[in-house]
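Asks: Here it is, the structure in full.
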Protein chains: 6
Amino acid sequence: MATVPLPTEPEADSRVKAVFDDIRATRKTEFINNLWRALAFDPPLLESTWSEVKALMATPSLLDPLTKEMVYIAVSIANSCSYCVHSHTAAARAKGMSGAMHAELLALVSLAARTNHLANGLQVPLDAAFDAAA
Amino acid sequence: MATVPLPTEPEADSRVKAVFDDIRATRKTEFINNLWRALAFDPPLLESTWSEVKALMATPSLLDPLTKEMVYIAVSIANSCSYCVHSHTAAARAKGMSGAMHAELLALVSLAARTNHLANGLQVPLDAAFDAAA
Amino acid sequence: MATVPLPTEPEADSRVKAVFDDIRATRKTEFINNLWRALAFDPPLLESTWSEVKALMATPSLLDPLTKEMVYIAVSIANSCSYCVHSHTAAARAKGMSGAMHAELLALVSLAARTNHLANGLQVPLDAAFDAAA
Amino acid sequence: MATVPLPTEPEADSRVKAVFDDIRATRKTEFINNLWRALAFDPPLLESTWSEVKALMATPSLLDPLTKEMVYIAVSIANSCSYCVHSHTAAARAKGMSGAMHAELLALVSLAARTNHLANGLQVPLDAAFDAAA
Amino acid sequence: MATVPLPTEPEADSRVKAVFDDIRATRKTEFINNLWRALAFDPPLLESTWSEVKALMATPSLLDPLTKEMVYIAVSIANSCSYCVHSHTAAARAKGMSGAMHAELLALVSLAARTNHLANGLQVPLDAAFDAAA
Amino acid sequence: MATVPLPTEPEADSRVKAVFDDIRATRKTEFINNLWRALAFDPPLLESTWSEVKALMATPSLLDPLTKEMVYIAVSIANSCSYCVHSHTAAARAKGMSGAMHAELLALVSLAARTNHLANGLQVPLDAAFDAAA
């Protein structure tokens with residue numbers, strides 16, 4: 001199920017085909033996962049989404065590719081996006097995340113959630129030492 | 001303000017003093033931030049919280065210390081924990097996060113949030129290729 | 001699966017039947033979706049829930065019916081309620097949301113999520129100009 | 001600051017006065033907290049909100065009053081509602097929550113958050129044994 | 001307080017000045033709110049954020065400007081972004097949202113949150129009728 | 001599907017077997033639900049998770065066992081953890097939660113969500129009376 005029609009021949013649209021070709025070339029795989037197939041229902045939204053994901057996730061930057069995937073997993077867990085947790089965990093494994101690293105990441109995300117809830121429960125005042133704007 | 005009394009002499013309690021001493025020794029600083037001062041209202045909760053934070057955040061492991069702080073920031077932003085965002089951003093800076101790395105982290109967390117909401121809006125079916133349990 | 005039993009003959013209960021009749025009359029359809037069938041496990045909860053949904057969603061008010069469905073979708077995405085995203089997207093389409101409007105709504109919700117996470121990461125101080133209570 | 005004007009003489013409006021009188025009588029106190037003062041900007045919203053809070057929180061029911069406040073705190077922490085955490089923690093204390101009970105509640109909410117994030121990270125399939133609808 | 005330095009002379013940087021000039025021209029006001037001042041710590045992040053906000057929020061599209069602000073408020077409330085709730089409520093008022101419309105929006109967002117939590121508690125199975133991909 | 005392999009013979013690992021034996025003994029049942037089977041992919045994470053869950057949920061404390069399960073359900077709903085809502089609702093029923101208590105719990109969680117969103121929309125200032133740290 002999905003909230004939009006999943007086109008059966010998405011690449012009949014030339015804008016969709018151009019994005020799918022770029023996904024295949026950038027990721028060096030024939031596999032196009034369902035998020036992109038669903039976004040094909042609106043080519044401008046597909047284009048803008050892929051353009052941003054490519055710029056951050058498939059372009060060399062200060063953070064290494066695996067760290068970026070792990071941060072992405074962390075946010076996706078906290079936002080309870082089932083699809084995103086699946087897709088970015090698969091991507092992180094493909095980029096070298098071992099089972100032990102995955103376990104450490106899950107322990108870390110869970111610990112952060114624990115202290116997030118603790119601090120939100122205590123409503124602790126901010127320490128002046130944290131202020132970067134001072 | 002806080003939802004618990006902030007004890008004025010927390011270290012009069014020997015269990016609190018032991019934890020505070022360990023925080024100072026582990027972090028090599030005299031500074032004890034307000035979260036720990038607030039947790040002093042219940043020494044067992046203070047002990048168990050510090051014990052877990054120390055085990056994951058102040059002990060060498062597969063992920064390097066700065067990566068761990070950045071994952072912590074990411075989860076804290078998504079869970080909207082103002083105190084945690086402040087404390088872990090300060091910690092990440094102390095461990096070497098530059099302004100440019102901070103900007104990249106914020107761009108990455110924001111992008112993940114964007115696609116999390118997009119995927120949750122589309123309710124895309126999972127791709128079989130993501131299944132690690134197969 | 002569900003966390004409550006889904007009664008096979010919910011309308012055997014006269015209070016449930018009265019609510020289901022009102023849903024059919026209000027919505028001009030024979031279709032009763034699963035949320036209401038599940039709520040039949042507790043007639044008072046069914047009654048109070050339908051009563052509030054009807055008062056806001058099926059009664060003329062300042063906001064037009066389609067705008068109300070789009071706001072409902074937005075909140076449901078941010079709260080990660082899969083069932084609600086599905087049911088309110090179907091309702092919005094029935095009230096005239098085109099594919100292009102759906103795409104714009106998703107782009108908007110995603111952009112809001114992006115800047116929400118950015119602002120929560122920056123912990124920007126409030127501008128005095130925003131104060132409506134001044 | 002607030003996003004609505006806080007009326008200086010809210011009880012000049014007879015509908016607001018009626019609700020405030022009922023709050024004072026129900027809670028046996030002269031104190032009207034800011035949430036109600038802010039809601040006075042729209043008397044119908046004030047009336048419907050108080051009516052529901054009173055029906056659930058100030059009326060004898062299956063769950064005892066303190067348990068209800070603790071559940072309320074738990075949800076408010078997870079939804080990151082700073083105002084609500086403060087107001088319901090104060091209410092719980094007024095209904096008998098000791099410091100040790102508060103500490104246990106916070107430990108429990110934090111543990112739940114931890115395993116919520118762990119399960120959302122693992123994306124574990126549901127066990128058939130959990131199905132109440134079978 | 002903030003997690004980044006708030007530059008005192010942000011427009012000394014020509015890229016920042018260009019964005020601030022465009023904000024002033026687009027919004028027809030001299031007022032630059034703190035989010036943009038904080039983003040000045042990293043000109044590329046400032047540019048990409050403004051570029052997306054401008055494209056969606058300050059460009060004519062299928063949804064009218066006030067509807068877009070109300071959807072933005074809805075998402076910001078659900079994501080608990082205090083800054084965003086303040087800034088977009090102020091923007092919605094500037095675009096014509098009356099007090100009564102604001103009250104209706106808050107009632108609607110609150111109702112959606114209520115049924116989101118109800119449906120997430122019931123874990124109701126999806127109705128086949130909702131499937132747009134069929 | 002899951003993001004980790006579900007081992008077919010998890011108890012071939014002696015650390016996993018020890019935890020599973022303790023779960024069976026503590027809960028007085030042969031049933032080991034999927035969360036624990038999935039955690040078997042990393043025995044240290046399995047051990048630390050079970051150790052904390054056992055300490056809080058299976059050990060007599062100030063809050064009674066059913067109250068603890070209901071708080072757990074409340075947090076799991078707000079965090080949108082489908083698996084956790086299912087598992088803890090089943091646990092609460094096993095500990096005596098009737099259908100009517102379940103309905104009241106859901107009404108309460110939904111009401112809290114409603115006022116959480118209302119207060120976050122109003123951004124009401126805190127009342128000095130709430131301050132426990134004063």
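Starting from 1 in every chain, residues are counted up; chains themselves are A, B, ... following the order of the structure tokens, and ligands are numbered from 1 as listed.
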Near chain A, meaning an atom within 7 Å, which residues of chain C appear when counting only C-alpha atoms? Write them as a ChimeraX atom specification.
Replies: /C:80,86,89,103
Asks: Which residues are close to Val85 in chain A, i.e. within 12 Å by only C-alpha atoms, leaving aside same-chain residues fewer than 4 positions away? Reply as a compact mmCIF listing (two decimals) with N, CA, C and O atoms, in the first residue's frame.
Replies:
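Result written to selection04.txt:
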```txt
# COMPACT_ATOMS: atom_id res chain seq x y z
N GLU A 69 25.65 7.97 7.00
CA GLU A 69 24.55 7.01 7.04
C GLU A 69 24.13 6.71 8.48
O GLU A 69 22.94 6.53 8.77
N MET A 70 25.11 6.68 9.38
CA MET A 70 24.75 6.37 10.78
C MET A 70 23.95 7.51 11.41
O MET A 70 23.02 7.28 12.17
N VAL A 71 24.32 8.75 11.10
CA VAL A 71 23.54 9.89 11.60
C VAL A 71 22.12 9.82 11.01
O VAL A 71 21.12 10.06 11.71
N TYR A 72 22.03 9.46 9.74
CA TYR A 72 20.73 9.35 9.07
C TYR A 72 19.86 8.27 9.75
O TYR A 72 18.67 8.47 10.00
N ILE A 73 20.47 7.15 10.07
CA ILE A 73 19.73 6.09 10.79
C ILE A 73 19.22 6.62 12.13
O ILE A 73 18.07 6.40 12.52
N ALA A 74 20.09 7.34 12.85
CA ALA A 74 19.74 7.85 14.18
C ALA A 74 18.52 8.75 14.12
O ALA A 74 17.58 8.62 14.91
N VAL A 75 18.52 9.69 13.16
CA VAL A 75 17.38 10.60 13.03
C VAL A 75 16.12 9.82 12.63
O VAL A 75 15.02 10.07 13.15
N SER A 76 16.28 8.87 11.73
CA SER A 76 15.13 8.10 11.24
C SER A 76 14.50 7.26 12.34
O SER A 76 13.27 7.10 12.39
N ILE A 77 15.32 6.73 13.24
CA ILE A 77 14.79 5.99 14.38
C ILE A 77 13.99 6.94 15.28
O ILE A 77 12.86 6.65 15.67
N ALA A 78 14.59 8.07 15.61
CA ALA A 78 13.92 9.00 16.53
C ALA A 78 12.63 9.55 15.92
O ALA A 78 11.67 9.80 16.63
N ASN A 79 12.59 9.69 14.60
CA ASN A 79 11.37 10.17 13.94
C ASN A 79 10.43 9.03 13.58
O ASN A 79 9.39 9.26 12.97
N SER A 80 10.81 7.83 13.96
CA SER A 80 9.96 6.65 13.71
C SER A 80 9.56 6.51 12.24
O SER A 80 8.39 6.31 11.92
N CYS A 81 10.56 6.59 11.36
CA CYS A 81 10.32 6.37 9.94
C CYS A 81 10.80 4.96 9.59
O CYS A 81 12.00 4.74 9.36
N THR A 89 19.80 1.62 6.96
CA THR A 89 20.58 0.55 7.57
C THR A 89 21.19 -0.31 6.47
O THR A 89 22.37 -0.71 6.55
N ALA A 90 20.41 -0.60 5.43
CA ALA A 90 20.96 -1.36 4.30
C ALA A 90 22.11 -0.58 3.65
O ALA A 90 23.16 -1.16 3.33
N ALA A 91 21.94 0.73 3.51
CA ALA A 91 23.01 1.56 2.91
C ALA A 91 24.26 1.56 3.79
O ALA A 91 25.38 1.48 3.28
N ALA A 92 24.07 1.65 5.10
CA ALA A 92 25.22 1.67 6.01
C ALA A 92 25.98 0.35 5.95
O ALA A 92 27.22 0.32 5.94
N LEU A 106 23.02 1.34 17.78
CA LEU A 106 21.71 1.19 18.42
C LEU A 106 21.78 1.47 19.92
O LEU A 106 20.87 2.08 20.50
N ALA B 112 17.62 14.43 6.71
CA ALA B 112 17.01 13.18 7.17
C ALA B 112 15.58 13.43 7.63
O ALA B 112 14.66 12.68 7.28
N ALA B 113 15.37 14.50 8.39
CA ALA B 113 14.02 14.84 8.84
C ALA B 113 13.10 15.07 7.65
O ALA B 113 11.94 14.64 7.64
N THR B 115 13.33 13.81 4.53
CA THR B 115 12.93 12.57 3.84
C THR B 115 12.16 11.63 4.78
O THR B 115 11.36 10.84 4.32
N ASN B 116 12.40 11.72 6.08
CA ASN B 116 11.58 10.95 7.03
C ASN B 116 10.11 11.33 6.87
O ASN B 116 9.23 10.47 6.81
N ALA B 119 8.78 10.14 3.41
CA ALA B 119 8.49 8.70 3.37
C ALA B 119 7.28 8.37 4.25
O ALA B 119 6.44 7.53 3.87
N ASN B 120 7.17 9.03 5.39
CA ASN B 120 5.99 8.79 6.24
C ASN B 120 4.72 9.30 5.58
O ASN B 120 3.63 8.77 5.81
N LEU B 126 8.02 -1.41 1.93
CA LEU B 126 9.43 -1.78 2.08
C LEU B 126 9.90 -2.59 0.87
O LEU B 126 9.15 -3.44 0.36
N PHE B 130 15.89 -4.78 1.41
CA PHE B 130 16.36 -4.21 2.68
C PHE B 130 16.40 -5.25 3.80
O PHE B 130 16.93 -4.98 4.87
N ASP B 131 15.80 -6.40 3.59
CA ASP B 131 15.61 -7.35 4.69
C ASP B 131 16.91 -8.02 5.10
O ASP B 131 17.48 -8.81 4.35
N ALA B 132 17.37 -7.72 6.30
CA ALA B 132 18.58 -8.36 6.81
C ALA B 132 18.27 -9.69 7.46
O ALA B 132 19.17 -10.46 7.78
N HIS D 117 13.31 3.13 21.01
CA HIS D 117 14.28 3.45 19.95
C HIS D 117 15.00 2.18 19.49
O HIS D 117 15.32 2.04 18.31
N LEU D 118 15.24 1.28 20.41
CA LEU D 118 15.90 0.02 20.05
C LEU D 118 15.00 -0.79 19.11
O LEU D 118 15.44 -1.26 18.06
N ALA D 119 13.74 -0.93 19.46
CA ALA D 119 12.82 -1.71 18.63
C ALA D 119 12.59 -1.01 17.28
O ALA D 119 12.52 -1.68 16.24
N ASN D 120 12.51 0.32 17.31
CA ASN D 120 12.36 1.03 16.03
C ASN D 120 13.61 0.92 15.17
O ASN D 120 13.54 0.96 13.95
N GLY D 121 14.76 0.74 15.81
CA GLY D 121 16.00 0.55 15.06
C GLY D 121 16.11 -0.86 14.50
O GLY D 121 16.65 -1.07 13.41
N LEU D 122 15.59 -1.83 15.23
CA LEU D 122 15.66 -3.23 14.78
C LEU D 122 14.54 -3.58 13.81
O LEU D 122 14.66 -4.51 13.02
N GLN D 123 13.43 -2.83 13.90
CA GLN D 123 12.28 -3.08 13.03
C GLN D 123 11.85 -4.56 13.12
O GLN D 123 11.65 -5.24 12.10
N VAL D 124 11.73 -5.02 14.34
CA VAL D 124 11.41 -6.41 14.63
C VAL D 124 9.99 -6.76 14.16
O VAL D 124 9.07 -5.96 14.38
N MET F 1 10.39 -8.89 8.13
CA MET F 1 11.63 -8.15 7.87
C MET F 1 12.20 -7.58 9.16
O MET F 1 11.47 -7.36 10.11
N ALA F 2 13.49 -7.35 9.12
CA ALA F 2 14.16 -6.71 10.26
C ALA F 2 15.45 -6.13 9.73
O ALA F 2 15.88 -6.45 8.62
N THR F 3 16.08 -5.26 10.52
CA THR F 3 17.34 -4.67 10.05
C THR F 3 18.56 -5.48 10.50
O THR F 3 19.69 -5.11 10.19
N VAL F 4 18.29 -6.56 11.26
CA VAL F 4 19.39 -7.46 11.66
C VAL F 4 18.96 -8.88 11.34
O VAL F 4 17.76 -9.18 11.26
```
Asks: Give me, as a VMD selection string, the residues of chain C that a backbone DSSP run labels alpha helix (DSSP H).
Replies: chain C and resid 14 to 27 34 to 39 43 to 57 65 to 78 82 to 94 99 to 122
Asks: Write out as JSON, numbers by chain the residues lying within 12 Å of Pro65 in chain B, counting only C-alpha atoms and excluding same-chain residues fewer than 5 positions away.
Replies: {"A": [108], "B": [54, 56, 57, 58, 59, 60, 70, 71, 72, 88, 91, 92, 93, 94, 95, 96, 97]}
Asks: For the residues in that selection, give me all heavy atoms as a tab-separated table (two decimals), in the first residue's frame.
Replies:
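Wrote selection08.tsv, looks like this:
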```tsv
chain	number	residue	atom	x	y	z
A	108	LEU	N	23.85	3.48	21.33
A	108	LEU	CA	24.07	4.93	21.47
A	108	LEU	C	22.76	5.71	21.24
A	108	LEU	O	22.43	6.62	22.02
A	108	LEU	CB	25.12	5.33	20.43
A	108	LEU	CG	25.57	6.77	20.34
A	108	LEU	CD1	26.12	7.26	21.66
A	108	LEU	CD2	26.63	6.89	19.23
B	54	LYS	N	28.81	6.97	31.04
B	54	LYS	CA	30.27	6.76	31.07
B	54	LYS	C	30.66	5.55	30.21
B	54	LYS	O	31.62	5.60	29.45
B	54	LYS	CB	30.72	6.54	32.52
B	54	LYS	CG	32.23	6.36	32.68
B	54	LYS	CD	32.59	6.08	34.13
B	54	LYS	CE	34.09	5.85	34.27
B	54	LYS	NZ	34.45	5.45	35.65
B	56	LEU	N	29.31	4.24	27.64
B	56	LEU	CA	29.22	4.42	26.18
B	56	LEU	C	30.00	5.62	25.68
B	56	LEU	O	30.63	5.56	24.62
B	56	LEU	CB	27.75	4.58	25.75
B	56	LEU	CG	27.33	3.55	24.68
B	56	LEU	CD1	27.13	2.20	25.33
B	56	LEU	CD2	26.10	3.99	23.94
B	57	MET	N	29.95	6.70	26.42
B	57	MET	CA	30.50	7.96	25.89
B	57	MET	C	31.94	8.21	26.32
B	57	MET	O	32.65	8.97	25.65
B	57	MET	CB	29.62	9.14	26.32
B	57	MET	CG	28.19	9.07	25.80
B	57	MET	SD	28.06	8.92	23.98
B	57	MET	CE	28.47	10.60	23.48
B	58	ALA	N	32.37	7.65	27.44
B	58	ALA	CA	33.70	7.98	27.95
B	58	ALA	C	34.61	6.75	27.95
B	58	ALA	O	35.60	6.72	28.68
B	58	ALA	CB	33.59	8.57	29.35
B	59	THR	N	34.27	5.76	27.14
B	59	THR	CA	35.05	4.54	27.07
B	59	THR	C	35.38	4.29	25.59
B	59	THR	O	34.49	4.41	24.76
B	59	THR	CB	34.22	3.35	27.62
B	59	THR	OG1	33.69	3.72	28.90
B	59	THR	CG2	35.05	2.08	27.75
B	60	PRO	N	36.65	3.97	25.26
B	60	PRO	CA	36.98	3.72	23.86
B	60	PRO	C	36.12	2.59	23.28
B	60	PRO	O	35.85	1.60	23.96
B	60	PRO	CB	38.46	3.30	23.92
B	60	PRO	CG	38.98	3.89	25.19
B	60	PRO	CD	37.81	3.86	26.15
B	70	MET	N	28.17	13.41	17.80
B	70	MET	CA	27.33	13.91	16.70
B	70	MET	C	26.06	13.07	16.56
B	70	MET	O	24.98	13.61	16.28
B	70	MET	CB	28.13	13.99	15.41
B	70	MET	CG	29.18	15.11	15.49
B	70	MET	SD	29.93	15.55	13.89
B	70	MET	CE	30.72	13.99	13.50
B	71	VAL	N	26.16	11.78	16.75
B	71	VAL	CA	24.95	10.94	16.75
B	71	VAL	C	24.04	11.36	17.91
B	71	VAL	O	22.81	11.46	17.76
B	71	VAL	CB	25.31	9.45	16.85
B	71	VAL	CG1	24.07	8.60	17.13
B	71	VAL	CG2	26.01	8.97	15.58
B	72	TYR	N	24.65	11.65	19.04
B	72	TYR	CA	23.88	12.07	20.22
B	72	TYR	C	23.13	13.37	19.93
B	72	TYR	O	21.94	13.54	20.28
B	72	TYR	CB	24.81	12.28	21.41
B	72	TYR	CG	24.29	11.76	22.74
B	72	TYR	CD1	24.89	10.69	23.38
B	72	TYR	CD2	23.21	12.37	23.37
B	72	TYR	CE1	24.44	10.21	24.60
B	72	TYR	CE2	22.75	11.91	24.60
B	72	TYR	CZ	23.36	10.83	25.21
B	72	TYR	OH	22.91	10.37	26.42
B	88	HIS	N	25.31	18.47	24.38
B	88	HIS	CA	26.12	17.64	23.48
B	88	HIS	C	26.76	18.43	22.36
B	88	HIS	O	27.81	18.02	21.83
B	88	HIS	CB	25.31	16.44	22.99
B	88	HIS	CG	25.08	15.45	24.08
B	88	HIS	ND1	26.03	14.52	24.45
B	88	HIS	CD2	24.06	15.29	24.96
B	88	HIS	CE1	25.59	13.81	25.48
B	88	HIS	NE2	24.39	14.27	25.82
B	91	ALA	N	29.82	19.58	24.03
B	91	ALA	CA	30.75	18.45	24.14
B	91	ALA	C	31.41	18.15	22.80
B	91	ALA	O	32.62	17.87	22.74
B	91	ALA	CB	30.01	17.21	24.66
B	92	ALA	N	30.63	18.21	21.72
B	92	ALA	CA	31.20	17.93	20.40
B	92	ALA	C	32.25	18.99	20.03
B	92	ALA	O	33.31	18.65	19.49
B	92	ALA	CB	30.08	17.89	19.35
B	93	ARG	N	31.96	20.24	20.35
B	93	ARG	CA	32.95	21.28	20.06
B	93	ARG	C	34.24	21.04	20.85
B	93	ARG	O	35.34	21.17	20.34
B	93	ARG	CB	32.40	22.67	20.41
B	93	ARG	CG	31.63	23.33	19.26
B	93	ARG	CD	31.47	24.83	19.50
B	93	ARG	NE	30.88	25.08	20.80
B	93	ARG	CZ	29.58	25.24	21.03
B	93	ARG	NH1	28.72	25.22	20.02
B	93	ARG	NH2	29.14	25.44	22.24
B	94	ALA	N	34.06	20.63	22.12
B	94	ALA	CA	35.23	20.37	22.95
B	94	ALA	C	36.05	19.20	22.40
B	94	ALA	O	37.25	19.10	22.62
B	94	ALA	CB	34.80	20.07	24.39
B	95	LYS	N	35.40	18.30	21.64
B	95	LYS	CA	36.11	17.15	21.05
B	95	LYS	C	36.55	17.42	19.62
B	95	LYS	O	36.92	16.49	18.91
B	95	LYS	CB	35.22	15.91	21.14
B	95	LYS	CG	35.05	15.42	22.58
B	95	LYS	CD	34.11	14.22	22.69
B	95	LYS	CE	33.94	13.83	24.17
B	95	LYS	NZ	32.85	12.88	24.39
B	96	GLY	N	36.43	18.66	19.17
B	96	GLY	CA	37.02	19.00	17.88
B	96	GLY	C	36.04	19.31	16.74
B	96	GLY	O	36.48	19.50	15.60
B	97	MET	N	34.74	19.36	17.01
B	97	MET	CA	33.83	19.67	15.91
B	97	MET	C	33.99	21.14	15.49
B	97	MET	O	33.76	22.05	16.30
B	97	MET	CB	32.37	19.40	16.34
B	97	MET	CG	31.36	19.66	15.21
B	97	MET	SD	29.67	19.22	15.69
B	97	MET	CE	29.29	20.56	16.87
```
Asks: Leaving out Asp127 in chain D and any residue of its chain fewer than 6 positions from it, which residues lie within 10 Å of it when counting only C-alpha atoms, given as an MDAnalysis selection string?
Replies: (chainID C and resid 1) or (chainID F and resid 32:35 83 86:87)
Asks: In Å, rounded to a single decimal, give me how far CA of Lys68 in chain E is from CA of Pro7 in chain A.
Replies: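 Going from CA of Pro7 in chain A over to CA of Lys68 in chain E, I get 27.9 Å.
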Asks: Applying 10 Å and only C-alpha atoms, which residues near Glu30 in chain F remain after dropping the ones on its own chain fewer than 5 positions away? List them as a ChimeraX atom specification.
Replies: /F:20-21,23-25
